[in-house]
>>> print(open('query-v1.csv').read())   # CSV, C-alpha atoms and all ligand atoms
chain,number,residue,atom,x,y,z
A,1,MET,CA,9.4,13.7,-16.3
A,2,THR,CA,9.1,9.9,-16.0
A,3,HIS,CA,10.1,8.3,-12.7
A,4,TYR,CA,11.1,4.7,-12.2
A,5,MET,CA,11.5,3.1,-8.8
A,6,THR,CA,11.4,-0.3,-7.2
A,7,GLY,CA,8.5,-1.9,-5.4
A,8,LEU,CA,7.3,-5.2,-3.9
A,9,VAL,CA,4.8,-6.8,-6.3
A,10,VAL,CA,2.8,-10.0,-6.5
A,11,ARG,CA,2.3,-10.7,-10.2
A,12,THR,CA,-0.5,-13.3,-10.0
A,13,GLU,CA,-2.6,-14.9,-7.3
A,14,GLY,CA,-0.4,-17.3,-5.3
A,15,ALA,CA,2.9,-16.1,-6.8
A,16,PRO,CA,5.7,-15.0,-4.5
A,17,ALA,CA,6.3,-11.3,-3.9
A,18,GLU,CA,9.2,-9.9,-5.8
A,19,ILE,CA,11.1,-6.7,-6.1
A,20,VAL,CA,10.5,-5.1,-9.5
A,21,GLU,CA,11.0,-1.8,-11.3
A,22,LEU,CA,7.8,0.2,-11.6
A,23,ARG,CA,7.0,3.3,-13.6
A,24,LEU,CA,5.3,6.0,-11.6
A,25,PRO,CA,2.4,7.9,-13.3
A,26,GLU,CA,2.8,11.6,-13.9
A,27,ILE,CA,1.0,13.4,-11.2
A,28,GLY,CA,-2.2,15.1,-12.1
A,29,PRO,CA,-4.2,17.9,-10.5
A,30,GLY,CA,-4.9,17.3,-6.8
A,31,GLN,CA,-2.3,14.5,-6.5
A,32,VAL,CA,0.9,14.3,-4.6
A,33,ARG,CA,4.1,12.2,-5.0
A,34,VAL,CA,5.5,10.9,-1.7
A,35,LYS,CA,8.9,9.3,-1.1
A,36,ILE,CA,8.2,6.5,1.3
A,37,ARG,CA,10.5,6.5,4.3
A,38,ALA,CA,8.9,3.8,6.5
A,39,ALA,CA,6.2,1.2,5.9
A,40,GLY,CA,4.8,-1.3,8.4
A,41,VAL,CA,4.0,-4.9,7.6
A,42,CYS,CA,0.3,-5.2,8.4
A,43,HIS,CA,-1.9,-8.2,8.7
A,44,SER,CA,-4.1,-6.9,5.8
A,45,ASP,CA,-1.1,-7.2,3.5
A,46,LEU,CA,-0.9,-10.8,4.5
A,47,SER,CA,-4.6,-11.2,3.8
A,48,MET,CA,-3.9,-9.9,0.3
A,49,ILE,CA,-1.7,-12.9,-0.4
A,50,ASN,CA,-2.9,-15.8,1.7
A,51,GLY,CA,-6.4,-16.1,0.2
A,52,THR,CA,-8.4,-14.2,2.8
A,53,LEU,CA,-9.0,-11.4,0.3
A,54,ARG,CA,-9.0,-11.8,-3.5
A,55,PRO,CA,-7.4,-8.5,-4.8
A,56,PRO,CA,-6.7,-8.0,-8.5
A,57,HIS,CA,-3.1,-8.5,-9.8
A,58,PRO,CA,-0.4,-7.5,-10.5
A,59,LEU,CA,-0.4,-6.0,-7.0
A,60,VAL,CA,1.9,-3.6,-5.2
A,61,LEU,CA,1.7,-4.6,-1.5
A,62,GLY,CA,1.8,-2.2,1.5
A,63,HIS,CA,-0.5,0.5,2.9
A,64,GLU,CA,0.7,1.5,6.4
A,65,ALA,CA,3.3,4.1,5.7
A,66,ALA,CA,4.9,7.6,6.2
A,67,GLY,CA,7.2,9.6,4.0
A,68,GLU,CA,8.1,13.0,2.6
A,69,VAL,CA,6.2,14.9,-0.1
A,70,VAL,CA,8.5,15.4,-3.1
A,71,GLU,CA,6.0,16.8,-5.7
A,72,VAL,CA,2.5,18.3,-5.6
A,73,GLY,CA,0.1,18.7,-8.5
A,74,GLU,CA,-2.0,21.7,-9.4
A,75,HIS,CA,-4.6,22.9,-7.0
A,76,VAL,CA,-3.1,20.9,-4.0
A,77,THR,CA,-3.7,22.9,-0.9
A,78,ARG,CA,-3.3,20.6,2.1
A,79,THR,CA,0.4,19.8,1.8
A,80,SER,CA,3.6,21.1,0.3
A,81,VAL,CA,6.9,19.7,-0.8
A,82,GLY,CA,9.1,18.7,2.2
A,83,ASP,CA,6.1,17.9,4.5
A,84,HIS,CA,6.3,14.7,6.5
A,85,VAL,CA,3.1,12.8,6.0
A,86,VAL,CA,1.2,9.7,7.1
A,87,LEU,CA,-0.6,7.8,4.3
A,88,ASN,CA,-4.3,7.4,4.7
A,89,TRP,CA,-5.6,4.2,3.0
A,90,GLN,CA,-9.2,5.2,3.3
A,91,PRO,CA,-9.3,8.9,2.5
A,92,ALA,CA,-12.6,10.7,3.1
A,93,CYS,CA,-14.2,12.3,0.0
A,94,ARG,CA,-16.2,14.7,2.3
A,95,THR,CA,-19.1,14.8,-0.1
A,96,CYS,CA,-20.8,11.3,0.1
A,97,TRP,CA,-23.7,10.5,2.5
A,98,PHE,CA,-21.4,8.9,5.1
A,99,CYS,CA,-18.9,11.7,5.1
A,100,GLU,CA,-21.6,14.4,5.4
A,101,ASN,CA,-23.2,12.5,8.2
A,102,GLY,CA,-20.1,12.2,10.4
A,103,GLU,CA,-19.0,8.7,9.5
A,104,PRO,CA,-16.0,9.3,7.1
A,105,TRP,CA,-14.5,5.9,8.0
A,106,LEU,CA,-17.3,4.4,6.0
A,107,CYS,CA,-16.8,6.8,3.0
A,108,SER,CA,-18.6,5.2,0.1
A,109,THR,CA,-15.8,6.2,-2.4
A,110,SER,CA,-13.0,4.3,-0.7
A,111,HIS,CA,-14.5,1.9,1.9
A,112,GLY,CA,-14.0,-1.8,0.9
A,113,VAL,CA,-11.7,-1.2,-2.1
A,114,ALA,CA,-8.9,-3.8,-1.8
A,115,ALA,CA,-6.8,-2.4,-4.6
A,116,LEU,CA,-7.0,-0.1,-7.5
A,117,GLU,CA,-5.2,1.1,-10.6
A,118,ASN,CA,-3.6,4.5,-10.4
A,119,GLY,CA,-1.5,4.7,-13.5
A,120,MET,CA,1.5,2.9,-12.2
A,121,THR,CA,2.9,0.3,-14.7
A,122,LEU,CA,5.1,-2.8,-14.7
A,123,ASP,CA,6.7,-3.5,-18.1
A,124,GLY,CA,4.1,-1.2,-19.7
A,125,ASP,CA,1.1,-3.0,-18.1
A,126,PRO,CA,-1.1,-1.4,-15.4
A,127,VAL,CA,-0.6,-2.6,-11.8
A,128,HIS,CA,-2.9,-2.3,-8.8
A,129,VAL,CA,-1.9,-0.7,-5.6
A,130,THR,CA,-3.0,-2.1,-2.2
A,131,LEU,CA,-5.8,0.0,-0.6
A,132,GLY,CA,-5.0,2.8,-3.0
A,133,VAL,CA,-1.5,3.2,-1.6
A,134,GLY,CA,0.9,0.4,-2.5
A,135,ALA,CA,3.5,1.5,0.1
A,136,PHE,CA,6.1,-1.3,-0.3
A,137,ALA,CA,7.7,0.9,-2.9
A,138,GLU,CA,10.2,3.8,-2.9
A,139,GLN,CA,7.5,6.2,-3.9
A,140,VAL,CA,3.7,6.5,-4.3
A,141,VAL,CA,1.3,8.8,-6.1
A,142,VAL,CA,-1.9,9.5,-4.2
A,143,PRO,CA,-4.7,12.0,-4.1
A,144,GLU,CA,-4.0,14.9,-1.6
A,145,ASN,CA,-6.7,13.7,0.8
A,146,ALA,CA,-4.7,10.5,1.3
A,147,VAL,CA,-1.9,12.3,3.1
A,148,ILE,CA,-1.9,13.8,6.6
A,149,SER,CA,0.9,16.1,7.6
A,150,VAL,CA,2.6,15.3,10.9
A,151,PRO,CA,5.4,17.1,12.9
A,152,LYS,CA,8.9,16.5,11.6
A,153,ASP,CA,10.2,15.4,15.0
A,154,LEU,CA,8.0,12.3,15.0
A,155,GLY,CA,10.1,9.4,13.7
A,156,PHE,CA,9.0,7.9,10.3
A,157,ASP,CA,8.6,4.4,11.8
A,158,LEU,CA,6.0,5.4,14.4
A,159,ALA,CA,4.4,7.8,12.0
A,160,ALA,CA,3.9,4.9,9.6
A,161,LEU,CA,2.1,2.8,12.2
A,162,LEU,CA,-0.2,5.7,13.1
A,163,GLY,CA,-1.7,5.3,9.6
A,164,CYS,CA,-3.1,1.8,10.3
A,165,ALA,CA,-2.3,-0.3,13.3
A,166,VAL,CA,-2.3,2.4,15.9
A,167,LEU,CA,-5.3,4.3,14.6
A,168,THR,CA,-7.3,1.1,14.3
A,169,GLY,CA,-6.4,-0.2,17.8
A,170,THR,CA,-6.7,3.1,19.7
A,171,GLY,CA,-9.9,4.0,17.8
A,172,ALA,CA,-11.5,0.7,18.7
A,173,ILE,CA,-11.0,1.6,22.4
A,174,ARG,CA,-11.7,5.3,22.3
A,175,ASN,CA,-14.4,5.6,19.6
A,176,THR,CA,-16.1,2.3,19.2
A,177,ALA,CA,-16.0,0.7,22.7
A,178,GLN,CA,-15.6,4.0,24.5
A,179,VAL,CA,-13.8,2.3,27.4
A,180,ALA,CA,-14.3,4.3,30.6
A,181,LEU,CA,-12.4,4.6,33.9
A,182,GLY,CA,-12.4,1.4,36.0
A,183,GLU,CA,-13.7,-0.9,33.3
A,184,SER,CA,-12.3,-4.3,32.3
A,185,VAL,CA,-11.1,-5.0,28.8
A,186,LEU,CA,-10.2,-8.2,27.0
A,187,VAL,CA,-8.0,-7.9,23.9
A,188,ILE,CA,-7.7,-11.0,21.7
A,189,GLY,CA,-4.8,-11.1,19.2
A,190,LEU,CA,-1.6,-9.2,20.0
A,191,GLY,CA,-0.3,-7.9,16.6
A,192,GLY,CA,0.2,-4.2,16.0
A,193,VAL,CA,-3.5,-3.5,16.3
A,194,GLY,CA,-4.1,-5.5,19.5
A,195,LEU,CA,-1.1,-4.1,21.3
A,196,SER,CA,-2.2,-0.6,20.4
A,197,ALA,CA,-5.6,-1.4,21.8
A,198,VAL,CA,-4.0,-2.7,25.0
A,199,ALA,CA,-2.0,0.6,25.4
A,200,ALA,CA,-5.1,2.7,24.6
A,201,ALA,CA,-7.2,0.7,27.1
A,202,ARG,CA,-4.7,1.4,29.9
A,203,ALA,CA,-4.5,5.1,28.8
A,204,ALA,CA,-8.3,5.3,29.0
A,205,GLY,CA,-8.1,4.2,32.7
A,206,ALA,CA,-9.3,0.6,32.4
A,207,ASP,CA,-8.6,-1.3,35.7
A,208,GLN,CA,-8.1,-4.7,34.1
A,209,VAL,CA,-6.7,-5.3,30.6
A,210,ILE,CA,-6.5,-8.9,29.8
A,211,ALA,CA,-4.3,-9.6,26.8
A,212,VAL,CA,-4.7,-12.9,24.9
A,213,ASP,CA,-2.7,-14.5,22.2
A,214,VAL,CA,-2.0,-18.0,20.9
A,215,SER,CA,1.7,-17.4,21.5
A,216,GLU,CA,3.3,-17.4,25.0
A,217,ALA,CA,6.1,-15.3,23.4
A,218,LYS,CA,3.8,-12.3,23.3
A,219,LYS,CA,3.7,-12.0,27.1
A,220,GLY,CA,6.6,-9.4,27.3
A,221,LEU,CA,5.0,-7.2,24.6
A,222,ALA,CA,1.6,-7.4,26.3
A,223,GLU,CA,3.2,-6.2,29.6
A,224,ALA,CA,5.1,-3.5,27.8
A,225,ALA,CA,1.8,-2.3,26.3
A,226,GLY,CA,0.3,-2.2,29.8
A,227,ALA,CA,-1.7,-5.4,30.1
A,228,THR,CA,-2.6,-6.4,33.7
A,229,ASP,CA,-3.1,-10.1,32.7
A,230,PHE,CA,-1.8,-12.2,30.0
A,231,VAL,CA,-3.5,-15.4,28.9
A,232,VAL,CA,-2.5,-17.9,26.2
A,233,SER,CA,-5.5,-18.7,24.1
A,234,SER,CA,-7.1,-22.1,24.5
A,235,GLU,CA,-10.4,-24.0,24.0
A,236,ASN,CA,-11.4,-22.8,27.5
A,237,LEU,CA,-10.7,-19.1,26.9
A,238,SER,CA,-14.0,-17.7,27.9
A,239,LYS,CA,-14.0,-19.8,31.1
A,240,GLU,CA,-10.5,-18.5,32.0
A,241,ILE,CA,-11.6,-14.9,31.4
A,242,ARG,CA,-14.7,-15.3,33.6
A,243,SER,CA,-12.5,-16.8,36.3
A,244,ARG,CA,-10.5,-13.5,36.3
A,245,THR,CA,-13.5,-11.2,36.3
A,246,SER,CA,-15.6,-12.4,39.3
A,247,ARG,CA,-17.3,-15.0,37.0
A,248,ARG,CA,-19.1,-12.1,35.3
A,249,GLY,CA,-17.1,-11.5,32.2
A,250,VAL,CA,-15.4,-8.4,30.9
A,251,ASP,CA,-17.1,-5.1,30.2
A,252,HIS,CA,-15.5,-5.0,26.8
A,253,ALA,CA,-14.0,-7.6,24.5
A,254,ILE,CA,-11.9,-6.4,21.5
A,255,GLU,CA,-11.4,-9.1,18.9
A,256,CYS,CA,-8.3,-8.3,16.7
A,257,VAL,CA,-8.1,-11.6,14.9
A,258,GLY,CA,-11.1,-11.8,12.5
A,259,ARG,CA,-12.1,-15.4,13.0
A,260,ALA,CA,-15.5,-16.9,13.9
A,261,SER,CA,-13.9,-18.9,16.7
A,262,THR,CA,-12.3,-15.9,18.4
A,263,ILE,CA,-15.4,-13.7,17.9
A,264,ARG,CA,-17.4,-16.4,19.6
A,265,ALA,CA,-14.9,-16.6,22.4
A,266,ALA,CA,-15.0,-12.8,22.8
A,267,TRP,CA,-18.8,-13.0,22.9
A,268,ARG,CA,-18.8,-15.6,25.6
A,269,ALA,CA,-16.2,-13.9,27.7
A,270,THR,CA,-18.2,-10.6,27.8
A,271,ARG,CA,-20.6,-9.8,30.7
A,272,SER,CA,-24.3,-9.5,30.2
A,273,GLY,CA,-24.9,-6.0,28.7
A,274,GLY,CA,-21.2,-5.7,27.7
A,275,GLN,CA,-19.8,-5.0,24.3
A,276,VAL,CA,-17.9,-7.0,21.8
A,277,THR,CA,-15.9,-4.9,19.3
A,278,VAL,CA,-14.7,-6.8,16.2
A,279,VAL,CA,-11.6,-5.2,14.8
A,280,GLY,CA,-10.1,-8.1,12.8
A,281,MET,CA,-11.0,-8.5,9.2
A,282,GLY,CA,-12.1,-12.1,8.5
A,283,ALA,CA,-13.1,-14.2,5.6
A,284,ALA,CA,-16.4,-14.0,3.8
A,285,ASP,CA,-17.2,-17.7,4.4
A,286,ASP,CA,-16.3,-17.9,8.1
A,287,MET,CA,-19.7,-18.0,9.8
A,288,VAL,CA,-20.2,-16.9,13.5
A,289,GLN,CA,-23.0,-18.8,15.3
A,290,LEU,CA,-25.1,-17.0,17.9
A,291,SER,CA,-28.4,-18.4,19.1
A,292,ALA,CA,-31.5,-16.2,18.9
A,293,LEU,CA,-32.0,-16.8,22.7
A,294,GLU,CA,-28.4,-15.8,23.7
A,295,ILE,CA,-28.6,-12.6,21.6
A,296,PHE,CA,-31.7,-11.6,23.5
A,297,SER,CA,-30.9,-12.9,27.0
A,298,SER,CA,-27.3,-11.7,27.2
A,299,ALA,CA,-28.2,-8.2,26.1
A,300,ARG,CA,-24.7,-7.9,24.7
A,301,ILE,CA,-23.7,-5.5,21.9
A,302,LEU,CA,-21.8,-6.8,18.9
A,303,ARG,CA,-20.1,-4.1,16.9
A,304,ALA,CA,-17.4,-3.7,14.3
A,305,SER,CA,-14.7,-1.0,14.4
A,306,VAL,CA,-13.6,0.0,10.9
A,307,TYR,CA,-10.3,1.9,10.7
A,308,GLY,CA,-10.7,3.0,14.3
A,309,GLN,CA,-14.1,4.6,13.6
A,310,ALA,CA,-12.0,7.7,13.3
A,311,ASP,CA,-11.9,10.9,11.3
A,312,THR,CA,-8.3,10.3,10.3
A,313,ASP,CA,-7.6,13.9,9.4
A,314,LEU,CA,-8.2,14.9,13.0
A,315,GLU,CA,-7.0,11.8,14.9
A,316,VAL,CA,-3.7,11.1,13.2
A,317,PRO,CA,-2.3,14.5,14.2
A,318,ALA,CA,-3.8,14.1,17.7
A,319,LEU,CA,-2.1,10.7,18.0
A,320,ALA,CA,1.2,12.2,16.8
A,321,GLN,CA,1.0,14.8,19.5
A,322,ALA,CA,0.1,12.1,22.1
A,323,VAL,CA,3.2,10.2,21.1
A,324,LEU,CA,5.5,13.3,21.1
A,325,SER,CA,4.2,14.3,24.5
A,326,GLY,CA,4.8,10.9,26.0
A,327,GLU,CA,1.1,10.4,26.8
A,328,LEU,CA,1.0,7.4,24.4
A,329,ASN,CA,4.0,5.2,24.6
A,330,LEU,CA,4.4,3.0,21.5
A,331,ASP,CA,8.1,2.4,21.6
A,332,PHE,CA,7.6,-1.3,22.1
A,333,LEU,CA,5.6,-1.7,18.9
A,334,VAL,CA,8.5,-1.8,16.3
A,335,THR,CA,10.2,-5.1,16.9
A,336,ASP,CA,11.9,-5.6,13.5
A,337,ARG,CA,13.5,-3.0,11.2
A,338,ILE,CA,13.8,-4.5,7.7
A,339,THR,CA,14.3,-3.9,4.0
A,340,LEU,CA,11.8,-4.5,1.2
A,341,ALA,CA,13.5,-7.8,0.4
A,342,ASP,CA,12.8,-9.0,4.0
A,343,VAL,CA,9.0,-8.5,3.8
A,344,PRO,CA,8.3,-12.2,2.8
A,345,ALA,CA,10.2,-13.3,5.9
A,346,ALA,CA,8.2,-10.7,8.0
A,347,PHE,CA,5.0,-12.3,6.7
A,348,GLU,CA,6.2,-15.7,7.9
A,349,ARG,CA,7.0,-14.2,11.4
A,350,MET,CA,3.6,-12.7,11.4
A,351,SER,CA,2.0,-16.1,10.5
A,352,ARG,CA,3.9,-17.7,13.3
A,353,GLY,CA,2.7,-15.0,15.7
A,354,GLU,CA,6.2,-13.6,16.4
A,355,GLY,CA,7.0,-10.0,17.3
A,356,ALA,CA,4.8,-6.9,17.1
A,357,ARG,CA,5.5,-4.8,14.0
A,358,SER,CA,8.1,-5.2,11.3
A,359,VAL,CA,8.8,-1.9,9.6
A,360,VAL,CA,10.5,-1.5,6.2
A,361,GLU,CA,12.9,1.4,6.3
A,362,LEU,CA,13.5,3.1,2.9
A,401,ZN,ZN,-3.1,-2.2,7.8
A,402,ZN,ZN,-17.1,10.1,1.5
>>> encode(input="query-v1.csv", output="structure tokens")
Amino acid sequence: MTHYMTGLVVRTEGAPAEIVELRLPEIGPGQVRVKIRAAGVCHSDLSMINGTLRPPHPLVLGHEAAGEVVEVGEHVTRTSVGDHVVLNWQPACRTCWFCENGEPWLCSTSHGVAALENGMTLDGDPVHVTLGVGAFAEQVVVPENAVISVPKDLGFDLAALLGCAVLTGTGAIRNTAQVALGESVLVIGLGGVGLSAVAAARAAGADQVIAVDVSEAKKGLAEAAGATDFVVSSENLSKEIRSRTSRRGVDHAIECVGRASTIRAAWRATRSGGQVTVVGMGAADDMVQLSALEIFSSARILRASVYGQADTDLEVPALAQAVLSGELNLDFLVTDRITLADVPAAFERMSRGEGARSVVEL
């Protein structure tokens, strides 16, 4: 049976996003069809349309989502019709070198793929789906390893955020930085990822969590997430951070912007021997300058955290439990509930640095 549905598509590079009718592919063996119930507007979606990334077109936007399984193909074992699922935009194949060596977040079959064709068509021509998902649409067809079942009492809105922003932000703190009791943490960039990192740093027992954003308007959200300090970013950011940390600098800096200037500021605000964790995805031509002497003499560690450095199949259900038990409070994260047609306006709010997460409800 052929299914049609609407989705948010960018036809060519630089064109505005528009709502169009798409034809879903028939599902094959090992695939599932999911009715999307909530999809978050993530900075990576903005990167797909603002020139930071150069994905192929036409492109269905969206990748941070949750929904309900409505059809399963032959041989599908990990989910069934009616399950509530979080979409995983970087599913682990479990057979490549990285998967077999305990680093499924770097799986060589899906890591670094901006968009791919999956049989979906627009006016008879193939379209590409963002990060293998294309979640700004009423339905998606994905391989079964791209869905993770979660309890039905978890709201679809928070479930959607677990699939990208929350996993990325909490994973940077828990898995990459491994923040310990009593440490100090700087988080630069307070979008959905940064605010999740702030909440996770407090939950990990950090004494001081300094939240930084270019917008003063993020102060309330930073405090709701558990920040002890809020600083508006400026030229003198590293100096300001040092003045709040006995002139020594923080134990951990978490950079959630993806720009050379903020990576450099994070580096300079970190104590000798401390760690800078880069979470933001930046541009290929934005060069970070570090001198050979400062790399040696500061003894700092510079690391990246990709998709929370997490095994999503294990950590998404664990995060769902943490939210349901109240151990992880993320209620502050959803600041705007919108429709598909409002997504372009949500991108503009994001560009202006307003709010935390906009979530499309379908
Ligand atoms: Zn995302
Ligand atoms: Zn793999």
>>> closest_residue(input="query-v1.csv", among="A:Met287, A:Ile338, A:Leu319, A:Cys256", to="ligand ZN 401 (chain A)", atoms="all atoms listed in the file")
A:Cys256
>>> residues_near_ligand(input="query-v1.csv", ligand="ligand ZN 402 (chain A)", cutoff="12 Å", atoms="only C-alpha atoms and all ligand atoms", output="list in words")
Gln90, Pro91, Ala92, Cys93, Arg94, Thr95, Cys96, Trp97, Phe98, Cys99, Glu100, Asn101, Gly102, Glu103, Pro104, Trp105, Leu106, Cys107, Ser108, Thr109, Ser110, His111, Asn145 and Asp311 of chain A
>>> closest_residue(input="query-v1.csv", among="A:Arg268, A:Arg174, A:Arg357, A:His128", to="Val113 of chain A", atoms="only C-alpha atoms")
A:His128
>>> closest_atom_pairs(input="query-v1.csv", of="chain A", to="ligand ZN 401 (chain A)", cutoff="12 Å", atoms="all atoms listed in the file", output="CSV")
residue,atom,partner,partner_atom,distance
A:Ala39,CA,A:ZN401,ZN,10.1
A:Gly40,CA,A:ZN401,ZN,8.0
A:Val41,CA,A:ZN401,ZN,7.6
A:Cys42,CA,A:ZN401,ZN,4.6
A:His43,CA,A:ZN401,ZN,6.2
A:Ser44,CA,A:ZN401,ZN,5.2
A:Asp45,CA,A:ZN401,ZN,6.9
A:Leu46,CA,A:ZN401,ZN,9.5
A:Ser47,CA,A:ZN401,ZN,10.0
A:Met48,CA,A:ZN401,ZN,10.8
A:Leu61,CA,A:ZN401,ZN,10.7
A:Gly62,CA,A:ZN401,ZN,8.0
A:His63,CA,A:ZN401,ZN,6.2
A:Glu64,CA,A:ZN401,ZN,5.5
A:Ala65,CA,A:ZN401,ZN,9.2
A:Leu87,CA,A:ZN401,ZN,10.9
A:Asn88,CA,A:ZN401,ZN,10.2
A:Trp89,CA,A:ZN401,ZN,8.4
A:Gln90,CA,A:ZN401,ZN,10.6
A:Ala114,CA,A:ZN401,ZN,11.3
A:Thr130,CA,A:ZN401,ZN,10.0
A:Leu131,CA,A:ZN401,ZN,9.1
A:Val133,CA,A:ZN401,ZN,11.0
A:Gly134,CA,A:ZN401,ZN,11.4
A:Ala135,CA,A:ZN401,ZN,10.8
A:Ala160,CA,A:ZN401,ZN,10.1
A:Leu161,CA,A:ZN401,ZN,8.4
A:Leu162,CA,A:ZN401,ZN,9.9
A:Gly163,CA,A:ZN401,ZN,7.8
A:Cys164,CA,A:ZN401,ZN,4.7
A:Ala165,CA,A:ZN401,ZN,5.9
A:Val166,CA,A:ZN401,ZN,9.3
A:Leu167,CA,A:ZN401,ZN,9.7
A:Thr168,CA,A:ZN401,ZN,8.4
A:Gly169,CA,A:ZN401,ZN,10.7
A:Gly191,CA,A:ZN401,ZN,10.9
A:Gly192,CA,A:ZN401,ZN,9.1
A:Val193,CA,A:ZN401,ZN,8.6
A:Cys256,CA,A:ZN401,ZN,12.0
A:Val279,CA,A:ZN401,ZN,11.4
A:Gly280,CA,A:ZN401,ZN,10.4
A:Met281,CA,A:ZN401,ZN,10.2
A:Val306,CA,A:ZN401,ZN,11.2
A:Tyr307,CA,A:ZN401,ZN,8.8
A:Gly308,CA,A:ZN401,ZN,11.3
A:Arg357,CA,A:ZN401,ZN,10.9
>>> residues_around(input="query-v1.csv", residues="His84 of chain A", least_positions_apart="2", cutoff="12 Å", atoms="only C-alpha atoms", output="VMD selection string")
chain A and resid 33 to 38 65 to 70 79 to 82 86 to 87 147 to 157 159 to 160 317 320
>>> closest_residue(input="query-v1.csv", among="A:Ser234, A:Ile301, A:Ala204, A:Asp285", to="Glu216 of chain A", atoms="only C-alpha atoms")
A:Ser234
>>> closest_residue(input="query-v1.csv", among="A:Ala137, A:Leu122, A:Val20, A:Ala201", to="Val360 of chain A", atoms="only C-alpha atoms")
A:Ala137
>>> closest_residue(input="query-v1.csv", among="A:Asp336, A:Asp342, A:Glu13, A:Glu21", to="Ala356 of chain A", atoms="all atoms listed in the file")
A:Asp336
>>> residues_around(input="query-v1.csv", residues="Arg303 of chain A", least_positions_apart="4", cutoff="7 Å", atoms="all atoms listed in the file", output="ChimeraX atom specification")
/A:276-278
>>> atom_distance(input="query-v1.csv", atom1="atom CA of Val179 of chain A", atom2="atom CA of Val232 of chain A")
23.2 Å
>>> residues_around(input="query-v1.csv", residues="Leu186 of chain A", least_positions_apart="6", cutoff="7 Å", atoms="all atoms listed in the file", output="ChimeraX atom specification")
/A:209-211,250,252-254
>>> closest_residue(input="query-v1.csv", among="A:Ala206, A:Gly282, A:Gly273, A:Leu24", to="Glu294 of chain A", atoms="only C-alpha atoms")
A:Gly273
>>> decode(input="query-v1.csv", residues="segment 297-309 of chain A", atoms="N, CA and C atoms", output="PDB file, in the first residue's frame")
ATOM      1  N   SER A 297      52.747  23.219  27.732  1.00  0.00           N
ATOM      2  CA  SER A 297      52.891  23.735  29.095  1.00  0.00           C
ATOM      3  C   SER A 297      51.573  23.742  29.876  1.00  0.00           C
ATOM      4  N   SER A 298      50.418  23.830  29.183  1.00  0.00           N
ATOM      5  CA  SER A 298      49.154  23.850  29.922  1.00  0.00           C
ATOM      6  C   SER A 298      48.717  22.438  30.321  1.00  0.00           C
ATOM      7  N   ALA A 299      49.256  21.435  29.634  1.00  0.00           N
ATOM      8  CA  ALA A 299      48.907  20.032  29.909  1.00  0.00           C
ATOM      9  C   ALA A 299      47.397  19.803  29.878  1.00  0.00           C
ATOM     10  N   ARG A 300      46.692  20.640  29.117  1.00  0.00           N
ATOM     11  CA  ARG A 300      45.239  20.457  29.005  1.00  0.00           C
ATOM     12  C   ARG A 300      44.919  19.343  28.007  1.00  0.00           C
ATOM     13  N   ILE A 301      43.722  18.805  28.177  1.00  0.00           N
ATOM     14  CA  ILE A 301      43.228  17.793  27.248  1.00  0.00           C
ATOM     15  C   ILE A 301      42.156  18.446  26.391  1.00  0.00           C
ATOM     16  N   LEU A 302      42.214  18.255  25.082  1.00  0.00           N
ATOM     17  CA  LEU A 302      41.173  18.760  24.177  1.00  0.00           C
ATOM     18  C   LEU A 302      40.517  17.560  23.513  1.00  0.00           C
ATOM     19  N   ARG A 303      39.210  17.392  23.778  1.00  0.00           N
ATOM     20  CA  ARG A 303      38.502  16.229  23.237  1.00  0.00           C
ATOM     21  C   ARG A 303      37.210  16.667  22.577  1.00  0.00           C
ATOM     22  N   ALA A 304      36.709  15.830  21.704  1.00  0.00           N
ATOM     23  CA  ALA A 304      35.368  16.056  21.149  1.00  0.00           C
ATOM     24  C   ALA A 304      34.448  15.001  21.742  1.00  0.00           C
ATOM     25  N   SER A 305      33.164  15.346  21.837  1.00  0.00           N
ATOM     26  CA  SER A 305      32.177  14.382  22.292  1.00  0.00           C
ATOM     27  C   SER A 305      31.125  14.253  21.192  1.00  0.00           C
ATOM     28  N   VAL A 306      31.138  13.121  20.507  1.00  0.00           N
ATOM     29  CA  VAL A 306      30.197  12.894  19.407  1.00  0.00           C
ATOM     30  C   VAL A 306      28.986  12.126  19.927  1.00  0.00           C
ATOM     31  N   TYR A 307      27.801  12.709  19.738  1.00  0.00           N
ATOM     32  CA  TYR A 307      26.539  12.065  20.143  1.00  0.00           C
ATOM     33  C   TYR A 307      26.637  11.527  21.576  1.00  0.00           C
ATOM     34  N   GLY A 308      27.244  12.343  22.459  1.00  0.00           N
ATOM     35  CA  GLY A 308      27.311  11.984  23.868  1.00  0.00           C
ATOM     36  C   GLY A 308      28.255  10.837  24.179  1.00  0.00           C
ATOM     37  N   GLN A 309      29.049  10.432  23.191  1.00  0.00           N
ATOM     38  CA  GLN A 309      29.969   9.300  23.384  1.00  0.00           C
ATOM     39  C   GLN A 309      29.226   8.145  24.078  1.00  0.00           C
TER      40      GLN A 309
END
